[in-house]
>>> print(open('model04.cif').read())   # mmCIF, C-alpha atoms
data_start
#
loop_
_atom_site.label_atom_id
_atom_site.label_comp_id
_atom_site.auth_asym_id
_atom_site.auth_seq_id
_atom_site.Cartn_x
_atom_site.Cartn_y
_atom_site.Cartn_z
CA MET A 1 91.43 118.63 108.15
CA LYS A 2 89.73 115.43 106.93
CA ILE A 3 92.21 112.57 107.25
CA LEU A 4 91.91 109.01 105.90
CA MET A 5 94.09 106.40 107.64
CA LEU A 6 94.66 103.11 105.85
CA THR A 7 96.05 100.29 108.01
CA TRP A 8 95.77 96.52 108.14
CA GLU A 9 95.70 96.54 111.96
CA TYR A 10 93.84 98.64 114.50
CA PRO A 11 92.67 97.67 118.02
CA PRO A 12 91.45 95.14 118.95
CA ARG A 13 93.52 93.64 116.10
CA ILE A 14 97.18 93.91 117.10
CA VAL A 15 99.80 92.24 114.91
CA GLY A 16 102.78 94.52 115.52
CA GLY A 17 103.43 98.14 116.44
CA ILE A 18 101.34 99.77 113.68
CA SER A 19 98.09 99.21 115.57
CA LYS A 20 99.18 101.25 118.60
CA VAL A 21 100.67 104.02 116.46
CA VAL A 22 97.52 104.50 114.36
CA TYR A 23 95.28 104.35 117.45
CA ASP A 24 97.25 106.91 119.46
CA LEU A 25 97.96 109.23 116.53
CA SER A 26 94.32 109.23 115.40
CA GLY A 27 93.08 109.93 118.92
CA ARG A 28 95.44 112.86 119.33
CA LEU A 29 94.55 114.34 115.91
CA ILE A 30 90.87 114.23 116.92
CA LYS A 31 91.68 116.20 120.09
CA ASP A 32 93.47 118.77 117.93
CA GLY A 33 90.21 119.36 116.02
CA HIS A 34 90.72 117.19 112.93
CA GLU A 35 88.35 114.58 111.49
CA VAL A 36 89.92 111.12 111.25
CA THR A 37 88.54 108.08 109.43
CA VAL A 38 90.29 104.70 109.70
CA VAL A 39 89.69 101.87 107.21
CA THR A 40 91.10 98.58 108.46
CA TYR A 41 90.67 94.80 108.51
CA ARG A 42 87.99 93.29 110.72
CA GLU A 43 89.08 90.50 113.04
CA GLY A 44 86.94 88.40 115.34
CA ASN A 45 83.71 90.02 116.48
CA ALA A 46 84.85 93.63 116.16
CA PRO A 47 82.08 95.94 114.85
CA TYR A 48 82.05 96.87 111.18
CA PHE A 49 81.70 100.52 112.19
CA GLU A 50 82.28 102.37 115.44
CA VAL A 51 83.16 105.83 116.65
CA ASP A 52 86.21 105.14 118.81
CA LYS A 53 86.77 108.22 120.98
CA GLY A 54 85.87 110.43 118.03
CA VAL A 55 87.64 108.36 115.34
CA ASN A 56 85.37 106.89 112.65
CA VAL A 57 86.55 103.28 112.29
CA TYR A 58 85.36 101.19 109.32
CA ARG A 59 86.32 97.51 109.36
CA ILE A 60 86.10 95.21 106.37
CA ASP A 61 86.04 91.47 105.86
CA ASN A 62 88.20 90.03 103.13
CA TYR A 63 86.68 88.09 100.22
CA MET A 64 85.26 84.64 100.96
CA ILE A 65 87.51 83.17 98.27
CA ASN A 66 90.56 81.67 99.97
CA PRO A 67 93.72 83.18 98.51
CA ASN A 68 96.71 81.10 97.41
CA ASN A 69 99.12 82.94 99.67
CA PHE A 70 99.62 85.99 101.90
CA ILE A 71 100.41 88.30 98.98
CA ASP A 72 97.09 87.43 97.31
CA TRP A 73 95.31 87.94 100.65
CA ILE A 74 96.79 91.43 100.95
CA MET A 75 95.78 92.27 97.38
CA GLN A 76 92.20 91.21 98.12
CA LEU A 77 92.27 93.36 101.26
CA ASN A 78 93.36 96.38 99.19
CA PHE A 79 90.46 95.87 96.74
CA LYS A 80 88.03 95.90 99.66
CA MET A 81 89.68 99.00 101.16
CA ILE A 82 89.29 100.85 97.84
CA ALA A 83 85.60 99.93 97.71
CA LYS A 84 84.93 100.99 101.32
CA ALA A 85 86.88 104.27 101.04
CA GLY A 86 85.09 105.06 97.75
CA GLU A 87 81.76 104.46 99.45
CA ILE A 88 82.70 106.83 102.30
CA ILE A 89 83.89 109.52 99.86
CA GLY A 90 80.65 109.18 97.89
CA LYS A 91 78.61 109.86 101.03
CA GLU A 92 80.79 112.34 102.92
CA GLY A 93 82.99 114.00 100.30
CA LYS A 94 86.72 113.93 99.62
CA PHE A 95 89.43 113.69 102.23
CA ASP A 96 92.19 116.30 102.45
CA ILE A 97 94.93 113.71 102.93
CA ILE A 98 95.48 109.95 102.79
CA HIS A 99 97.89 108.46 105.34
CA ALA A 100 99.05 104.96 104.36
CA HIS A 101 100.76 102.74 106.93
CA ASP A 102 103.30 100.36 105.36
CA TRP A 103 103.30 98.35 102.13
CA LEU A 104 100.24 96.34 103.18
CA VAL A 105 97.94 99.19 102.05
CA ALA A 106 100.11 100.52 99.21
CA TYR A 107 97.78 99.63 96.34
CA SER A 108 94.62 101.00 97.91
CA ALA A 109 96.46 104.23 98.83
CA LYS A 110 97.77 104.69 95.27
CA ALA A 111 94.40 103.86 93.67
CA LEU A 112 92.50 106.33 95.89
CA LYS A 113 95.17 109.01 95.41
CA ASP A 114 94.92 108.74 91.62
CA ALA A 115 91.13 108.31 91.41
CA TYR A 116 90.20 111.22 93.69
CA ASN A 117 93.29 113.42 93.27
CA ILE A 118 94.07 113.41 97.02
CA PRO A 119 97.58 114.01 98.42
CA MET A 120 99.07 110.93 100.07
CA CYS A 121 101.57 110.48 102.90
CA ALA A 122 103.12 107.14 103.79
CA THR A 123 104.69 105.92 107.01
CA ILE A 124 107.22 103.13 106.55
CA HIS A 125 107.38 101.34 109.91
CA ALA A 126 109.96 98.75 108.79
CA THR A 127 111.39 97.34 105.56
CA GLU A 128 111.40 93.81 104.21
CA SER A 129 115.13 94.04 103.56
CA GLY A 130 115.79 95.10 107.14
CA ARG A 131 113.60 92.37 108.65
CA ASN A 132 115.36 89.64 106.68
CA SER A 133 118.89 91.10 106.46
CA GLY A 134 118.50 91.43 102.70
CA ILE A 135 116.21 90.13 99.95
CA HIS A 136 116.47 86.35 99.52
CA ASP A 137 113.42 85.16 97.56
CA GLU A 138 110.74 86.38 95.14
CA THR A 139 108.14 87.04 97.84
CA GLN A 140 110.55 89.31 99.70
CA ARG A 141 111.46 91.00 96.42
CA TYR A 142 107.78 91.67 95.70
CA ILE A 143 107.29 93.26 99.14
CA ASN A 144 110.48 95.29 98.73
CA ASP A 145 109.31 96.56 95.33
CA THR A 146 105.89 97.43 96.77
CA GLU A 147 107.58 99.45 99.51
CA TRP A 148 109.53 101.32 96.84
CA MET A 149 106.33 101.98 94.88
CA LEU A 150 104.59 103.35 97.98
CA THR A 151 107.46 105.71 98.79
CA TYR A 152 107.61 106.81 95.13
CA GLU A 153 103.87 107.54 94.96
CA ALA A 154 103.69 109.30 98.33
CA THR A 155 104.07 113.07 98.36
CA GLU A 156 105.77 112.85 101.77
CA VAL A 157 107.31 109.87 103.58
CA ILE A 158 107.44 109.56 107.38
CA VAL A 159 109.82 107.30 109.31
CA ASN A 160 110.31 106.97 113.05
CA SER A 161 114.11 107.17 113.33
CA ASN A 162 117.18 108.55 111.56
CA TYR A 163 118.27 104.94 111.10
CA MET A 164 115.15 104.31 109.01
CA LYS A 165 115.68 107.49 107.03
CA CYS A 166 119.15 106.31 106.00
CA GLU A 167 117.78 102.85 105.23
CA LEU A 168 115.11 104.23 102.87
CA GLN A 169 117.62 106.45 101.12
CA ARG A 170 119.94 103.48 100.65
CA LEU A 171 117.27 101.00 99.52
CA PHE A 172 115.00 103.19 97.40
CA GLY A 173 117.11 106.22 96.45
CA LEU A 174 114.60 108.64 97.98
CA PRO A 175 115.49 112.34 98.08
CA PHE A 176 116.67 113.44 101.53
CA GLU A 177 114.06 116.21 101.74
CA LYS A 178 111.15 113.84 100.98
CA ILE A 179 111.65 111.88 104.22
CA SER A 180 110.69 113.28 107.63
CA VAL A 181 111.68 111.70 110.96
CA ILE A 182 108.84 111.69 113.51
CA PRO A 183 109.30 109.25 116.42
CA ASN A 184 106.53 107.07 117.76
CA GLY A 185 105.15 107.85 121.18
CA ILE A 186 103.14 106.35 124.00
CA ASN A 187 99.99 107.25 125.85
CA MET A 188 101.08 109.24 128.89
CA ASN A 189 98.08 107.85 130.80
CA MET A 190 98.94 104.18 130.22
CA TYR A 191 100.06 103.60 133.82
CA ASN A 192 97.41 105.70 135.53
CA GLY A 193 96.08 103.76 138.51
CA ILE A 194 98.59 100.93 138.03
CA GLU A 195 101.16 100.37 140.74
CA LYS A 196 103.42 97.44 141.60
CA ASP A 197 101.02 94.55 142.22
CA TYR A 198 102.70 91.90 144.39
CA ASP A 199 99.87 89.38 143.99
CA PHE A 200 100.17 89.70 140.22
CA ARG A 201 103.95 89.44 140.47
CA ARG A 202 103.75 86.22 142.50
CA ARG A 203 102.01 84.51 139.59
CA VAL A 204 105.31 84.46 137.69
CA ALA A 205 108.12 84.89 140.26
CA SER A 206 108.99 84.56 143.93
CA ASP A 207 109.40 87.68 146.06
CA ASN A 208 113.17 87.18 146.24
CA GLU A 209 113.58 86.88 142.47
CA LYS A 210 114.48 89.82 140.25
CA ILE A 211 112.31 89.87 137.10
CA ILE A 212 114.08 90.42 133.77
CA MET A 213 111.34 90.91 131.19
CA TYR A 214 110.92 91.10 127.43
CA ALA A 215 107.68 92.12 125.70
CA GLY A 216 106.96 91.92 122.00
CA ARG A 217 106.64 89.51 119.09
CA LEU A 218 108.55 86.25 119.30
CA VAL A 219 110.36 86.48 115.98
CA TYR A 220 114.01 86.18 115.04
CA GLU A 221 114.80 89.88 114.55
CA LYS A 222 113.67 90.66 118.13
CA GLY A 223 116.71 88.74 119.42
CA ILE A 224 115.00 86.86 122.27
CA GLN A 225 117.25 83.90 121.51
CA ASN A 226 120.22 86.06 122.53
CA LEU A 227 118.56 87.02 125.82
CA ILE A 228 118.00 83.33 126.64
CA SER A 229 121.62 82.62 125.70
CA ALA A 230 122.66 85.37 128.14
CA ALA A 231 120.59 83.86 130.97
CA PRO A 232 123.22 81.33 132.23
CA LYS A 233 125.82 84.08 132.73
CA ILE A 234 123.27 86.35 134.43
CA LEU A 235 122.15 83.52 136.72
CA SER A 236 125.73 82.63 137.60
CA GLY A 237 126.27 86.23 138.71
CA TYR A 238 122.84 86.75 140.29
CA HIS A 239 121.04 83.48 141.01
CA ASP A 240 117.71 84.91 142.20
CA THR A 241 116.60 86.00 138.74
CA LYS A 242 113.53 85.10 136.67
CA PHE A 243 113.13 85.75 132.94
CA ILE A 244 109.63 86.66 131.75
CA ILE A 245 108.94 86.54 128.00
CA ALA A 246 105.62 88.23 127.14
CA GLY A 247 104.24 87.90 123.63
CA LYS A 248 103.53 85.41 120.89
CA GLY A 249 105.09 84.56 117.56
CA ALA A 250 106.48 81.93 115.23
CA MET A 251 109.58 81.29 117.37
CA GLU A 252 107.77 80.44 120.61
CA GLY A 253 108.32 76.67 120.36
CA GLU A 254 111.95 77.11 119.35
CA LEU A 255 112.63 79.51 122.22
CA LYS A 256 111.04 77.17 124.77
CA ALA A 257 113.17 74.32 123.43
CA GLN A 258 116.28 76.52 123.74
CA ALA A 259 115.46 77.36 127.39
CA ASN A 260 114.90 73.67 128.21
CA TYR A 261 118.11 72.65 126.44
CA LEU A 262 120.04 75.14 128.62
CA GLY A 263 118.37 73.75 131.74
CA LEU A 264 116.41 76.96 132.33
CA GLY A 265 112.90 75.50 132.28
CA ASN A 266 112.16 76.84 135.79
CA LYS A 267 113.85 80.20 135.20
CA VAL A 268 112.30 81.29 131.88
CA TYR A 269 108.52 81.80 131.86
CA PHE A 270 106.49 82.43 128.69
CA THR A 271 103.27 84.33 129.41
CA GLY A 272 101.85 84.39 125.88
CA GLN A 273 100.30 87.65 124.67
CA LEU A 274 99.12 89.60 127.70
CA PRO A 275 96.00 91.79 127.80
CA TYR A 276 96.91 95.48 127.83
CA LYS A 277 96.31 96.02 131.56
CA ASP A 278 98.27 92.89 132.48
CA LEU A 279 101.15 94.06 130.28
CA CYS A 280 101.18 97.40 132.14
CA LYS A 281 101.20 95.50 135.44
CA MET A 282 104.09 93.37 134.19
CA TYR A 283 106.14 96.47 133.33
CA LYS A 284 105.48 97.81 136.84
CA SER A 285 106.39 94.45 138.42
CA ALA A 286 109.66 93.96 136.52
CA ASP A 287 113.09 94.98 137.78
CA ILE A 288 114.79 95.27 134.36
CA ALA A 289 113.46 95.26 130.78
CA VAL A 290 115.60 93.91 127.94
CA PHE A 291 115.00 94.46 124.21
CA PRO A 292 117.83 92.67 122.38
CA SER A 293 116.69 93.22 118.78
CA THR A 294 118.96 92.55 115.83
CA TYR A 295 116.74 94.82 113.67
CA GLU A 296 114.49 97.51 115.12
CA PRO A 297 113.30 100.59 113.22
CA PHE A 298 112.10 102.24 116.42
CA GLY A 299 111.17 100.14 119.49
CA VAL A 300 108.05 101.52 121.20
CA VAL A 301 108.27 98.76 123.85
CA ALA A 302 111.50 100.34 125.06
CA ILE A 303 109.88 103.69 125.78
CA GLU A 304 106.95 101.91 127.46
CA ALA A 305 109.42 100.24 129.83
CA MET A 306 111.33 103.48 130.39
CA TYR A 307 108.10 105.33 131.20
CA ALA A 308 107.16 102.58 133.69
CA GLY A 309 110.26 103.56 135.66
CA ILE A 310 112.30 100.39 135.24
CA PRO A 311 115.90 100.35 133.97
CA THR A 312 116.02 99.26 130.32
CA VAL A 313 118.66 97.44 128.27
CA VAL A 314 118.55 97.71 124.45
CA SER A 315 120.68 96.66 121.50
CA ASP A 316 122.88 99.29 119.88
CA ILE A 317 120.91 98.96 116.65
CA GLY A 318 118.36 100.98 114.69
CA GLY A 319 115.91 103.19 116.54
CA LEU A 320 116.78 101.63 119.91
CA ASN A 321 120.29 103.03 119.56
CA GLU A 322 118.80 106.53 119.22
CA ILE A 323 116.37 106.19 122.15
CA VAL A 324 118.88 105.22 124.85
CA GLU A 325 122.10 106.92 125.91
CA HIS A 326 124.29 104.28 127.55
CA GLY A 327 124.70 104.73 131.29
CA ILE A 328 122.58 107.90 131.28
CA ASP A 329 118.98 106.83 130.66
CA GLY A 330 119.46 103.11 130.01
CA MET A 331 122.04 100.53 129.04
CA LYS A 332 123.12 99.26 125.63
CA SER A 333 124.49 95.93 124.48
CA TYR A 334 126.13 94.87 121.24
CA ALA A 335 123.44 93.53 118.88
CA GLY A 336 123.44 89.74 118.71
CA ASN A 337 125.97 89.43 121.56
CA ALA A 338 124.65 87.41 124.54
CA ASN A 339 127.75 88.16 126.62
CA SER A 340 127.21 91.90 126.21
CA ILE A 341 123.52 91.59 127.19
CA ALA A 342 124.53 89.75 130.36
CA ASP A 343 127.11 92.41 131.27
CA SER A 344 124.57 95.26 130.96
CA VAL A 345 121.94 93.38 132.99
CA LEU A 346 124.41 92.47 135.74
CA ALA A 347 125.66 96.06 135.93
CA LEU A 348 122.10 97.15 136.78
CA LEU A 349 121.56 94.28 139.25
CA TYR A 350 124.81 95.06 141.10
CA ASP A 351 124.62 98.87 141.08
CA HIS A 352 121.36 100.19 142.58
CA GLN A 353 122.43 103.82 142.19
CA LEU A 354 123.00 103.30 138.46
CA ALA A 355 119.61 101.58 138.13
CA ASP A 356 117.84 104.45 139.94
CA LYS A 357 119.65 107.11 137.90
CA VAL A 358 118.90 105.66 134.48
CA SER A 359 115.25 105.00 135.46
CA LYS A 360 114.60 108.61 136.52
CA ASN A 361 116.38 110.09 133.50
CA ALA A 362 114.56 107.73 131.13
CA LYS A 363 111.11 108.64 132.45
CA ALA A 364 111.82 112.36 132.10
CA LYS A 365 113.11 111.83 128.55
CA VAL A 366 109.98 109.95 127.46
CA LYS A 367 107.73 112.71 128.86
CA SER A 368 109.55 115.44 126.95
CA ILE A 369 110.18 113.74 123.59
CA TYR A 370 107.82 110.81 123.04
CA ASN A 371 104.43 112.34 123.83
CA TRP A 372 101.65 112.33 121.22
CA ASN A 373 100.88 116.05 121.54
CA LYS A 374 104.13 116.97 119.82
CA ILE A 375 104.09 113.98 117.46
CA ALA A 376 100.57 114.79 116.20
CA GLN A 377 101.53 118.44 115.59
CA ASP A 378 104.61 117.36 113.62
CA THR A 379 102.50 114.91 111.60
CA HIS A 380 99.93 117.61 110.84
CA PHE A 381 102.73 119.83 109.57
CA ILE A 382 103.75 117.06 107.13
CA TYR A 383 100.13 116.80 105.97
CA GLN A 384 100.09 120.54 105.27
CA LYS A 385 103.39 120.27 103.43
CA ALA A 386 102.04 117.44 101.25
CA ILE A 387 98.86 119.36 100.43
CA CYS A 388 100.77 122.54 99.51
CA GLN A 389 103.21 120.57 97.38
CA THR A 390 100.39 118.79 95.57
CA MET A 391 98.60 122.09 94.89
CA ALA A 392 101.82 123.61 93.55
CA GLU A 393 102.35 120.61 91.26
CA ARG A 394 98.77 120.89 89.98
CA GLN A 395 99.20 124.60 89.25
CA LYS A 396 102.48 123.89 87.48
CA HIS A 397 100.81 121.16 85.42
CA GLN A 398 97.85 123.43 84.58
CA MET A 399 100.21 126.24 83.52
CA ALA A 400 102.17 123.82 81.35
CA GLN A 401 98.93 122.65 79.72
CA GLU A 402 97.79 126.26 79.19
CA ASN A 403 101.13 127.23 77.66
CA ALA A 404 101.00 124.18 75.39
CA ARG A 405 97.46 125.14 74.32
CA LYS A 406 98.51 128.74 73.59
CA THR A 407 101.56 127.58 71.64
CA LYS A 408 99.44 125.20 69.58
CA LYS A 409 96.90 127.96 68.91
CA ALA A 410 99.64 130.39 67.84
CA LYS A 411 101.16 127.81 65.49
CA THR A 412 97.72 127.11 64.00
CA LYS A 413 97.14 130.82 63.35
CA GLY A 414 100.57 131.17 61.77
CA THR A 415 99.85 128.32 59.40
CA LEU A 416 96.41 129.54 58.29
CA LEU A 417 97.24 133.18 57.62
CA PRO A 418 99.09 132.65 54.30
CA PHE A 419 96.16 130.65 52.90
CA ARG A 420 93.74 133.45 53.80
CA GLY A 421 96.07 135.81 52.00
CA ARG A 422 95.98 133.76 48.80
CA GLU A 423 92.17 133.51 49.02
CA ALA A 424 91.99 137.29 49.25
CA LEU A 425 94.25 137.68 46.20
CA ALA A 426 92.18 135.18 44.24
#
>>> encode(input="model04.cif", output="structure tokens")
Amino acid sequence: MKILMLTWEYPPRIVGGISKVVYDLSGRLIKDGHEVTVVTYREGNAPYFEVDKGVNVYRIDNYMINPNNFIDWIMQLNFKMIAKAGEIIGKEGKFDIIHAHDWLVAYSAKALKDAYNIPMCATIHATESGRNSGIHDETQRYINDTEWMLTYEATEVIVNSNYMKCELQRLFGLPFEKISVIPNGINMNMYNGIEKDYDFRRRVASDNEKIIMYAGRLVYEKGIQNLISAAPKILSGYHDTKFIIAGKGAMEGELKAQANYLGLGNKVYFTGQLPYKDLCKMYKSADIAVFPSTYEPFGVVAIEAMYAGIPTVVSDIGGLNEIVEHGIDGMKSYAGNANSIADSVLALLYDHQLADKVSKNAKAKVKSIYNWNKIAQDTHFIYQKAICQTMAERQKHQMAQENARKTKKAKTKGTLLPFRGREALA
């Protein structure tokens, strides 16, 4: 199958979770014998074209004209994506399926679908309404409407959790059968050759300190502010604790100010965005991982931590709520509740048997459910479903046109016959 992936991020460009998902899914589809082409935005000195482990990756610059705002920038990006994909189709022929990742590529996906008559699937990784707890201004409304348009135009829609499926049905009125739930996964080789590195660990904490870590974007919906608010209670119960916040984002300055205000300047350490290998080392060095999101469609960082073999605490919200079973393969806390986060963390710090149990169960769960072999097969099935459905709709449309043509022809004959009769009599 020839597959076209449209995404605004792909390694080395990493903005959120889409980049990892497209990279891992594309790589697995290649191993399954498919041909995958990715069209994405070029950042930094990344090559305009490369074959990345079998995946054909085309990167584009945006127009030199500076846009007025982010929405205009995205629209320009879509124009460039259409041009590049059209160029590829002109040289190499049509694709069997288009896979669009989020609203950021909605217009290019729709244009290519209509122009070349190619079935289109869309993955909705998150919604604007969910990120902002509703729609509050015209920019958010525009993004929300674009998400609706993408789900309407797509033959099949993929989401990564049952929570997201319900959210799309509620927001956009999508038919239940149009939405398929396929979880994200992780690379099962991500920790190969990486063990607990004490020299690396000593860069951020003393040997006697337990590391409580968070990894991800520093934005409001990730709930890092609630983890920092929980720190005083955790420290009062277990003093030798260090909080490591790995990532970057708009809230970094605010979060640092919060930590200083609480007198935690020496107990909360911000690493910035870590290189991939250093992030893997950090997972292996940590004692507990905490992901206290207030909105989370899935939460791939949680399964990365679980696969590293460290006990994990998550909010009882969204996809995180579906990943972890409390007290069995992780711990849950009430979303937005700092006191609840502290209780779950302290339970793991006090009870070593509980920590060992949930760690072992979590690692086994990730291996069986969140591996890309199964995810890629499920995604391919959705591609086949979309293609078959599109073919059936085309045949139905062609039959309707043929029936309309026959009906018109029959009516025309019925109208002309009496005149021929009169001519004969004359």
>>> closest_residue(input="model04.cif", among="A:Lys256, A:His239, A:His136, A:Arg203", to="Ile224 in chain A", atoms="only C-alpha atoms")
A:Lys256
>>> residues_around(input="model04.cif", residues="range 59-73 of chain A", least_positions_apart="3", cutoff="7 Å", atoms="only C-alpha atoms", output="PyMOL selection string")
chain A and resi 39-42+48-49+76-77+80
>>> write_last_selection(input="model04.cif", atoms="C-alpha atoms", output="PDB file, in the coordinates of the input")
ATOM      1  CA  VAL A  39      89.690 101.870 107.210  1.00  0.00           C
ATOM      2  CA  THR A  40      91.100  98.580 108.460  1.00  0.00           C
ATOM      3  CA  TYR A  41      90.670  94.800 108.510  1.00  0.00           C
ATOM      4  CA  ARG A  42      87.990  93.290 110.720  1.00  0.00           C
ATOM      5  CA  TYR A  48      82.050  96.870 111.180  1.00  0.00           C
ATOM      6  CA  PHE A  49      81.700 100.520 112.190  1.00  0.00           C
ATOM      7  CA  GLN A  76      92.200  91.210  98.120  1.00  0.00           C
ATOM      8  CA  LEU A  77      92.270  93.360 101.260  1.00  0.00           C
ATOM      9  CA  LYS A  80      88.030  95.900  99.660  1.00  0.00           C
TER      10      LYS A  80
END
>>> closest_residue(input="model04.cif", among="A:Tyr191, A:Trp372, A:Tyr238, A:Phe243", to="Ala305 in chain A", atoms="only C-alpha atoms")
A:Tyr191
>>> resolve_selection(input="model04.cif", expression="the PyMOL selection byres ((chain A and resi 117-122) around 6)", output="PyMOL selection string")
chain A and resi 97-101+113-116+123+154-157+387
>>> resolve_selection(input="model04.cif", expression="the PyMOL selection byres ((chain A and resi 297) around 10)", output="ChimeraX atom specification")
/A:124-127,130-131,159-165,167,293,295-296,298-300,317-321
>>> residues_around(input="model04.cif", residues="Ala335 in chain A", least_positions_apart="3", cutoff="6 Å", atoms="only C-alpha atoms", output="list in words")
Thr294, Ser315 and Asp316 of chain A
>>> resolve_selection(input="model04.cif", expression="the PyMOL selection byres ((chain A and resi 7) around 8)", output="compact mmCIF listing (two decimals) with C-alpha atoms, keeping the file's coordinate frame")
# COMPACT_ATOMS: atom_id res chain seq x y z
CA MET A 5 94.09 106.40 107.64
CA LEU A 6 94.66 103.11 105.85
CA TRP A 8 95.77 96.52 108.14
CA GLU A 9 95.70 96.54 111.96
CA TYR A 10 93.84 98.64 114.50
CA ILE A 18 101.34 99.77 113.68
CA SER A 19 98.09 99.21 115.57
CA VAL A 22 97.52 104.50 114.36
CA VAL A 38 90.29 104.70 109.70
CA VAL A 39 89.69 101.87 107.21
CA THR A 40 91.10 98.58 108.46
CA TYR A 41 90.67 94.80 108.51
CA ALA A 100 99.05 104.96 104.36
CA HIS A 101 100.76 102.74 106.93
CA ASP A 102 103.30 100.36 105.36
CA LEU A 104 100.24 96.34 103.18
CA VAL A 105 97.94 99.19 102.05
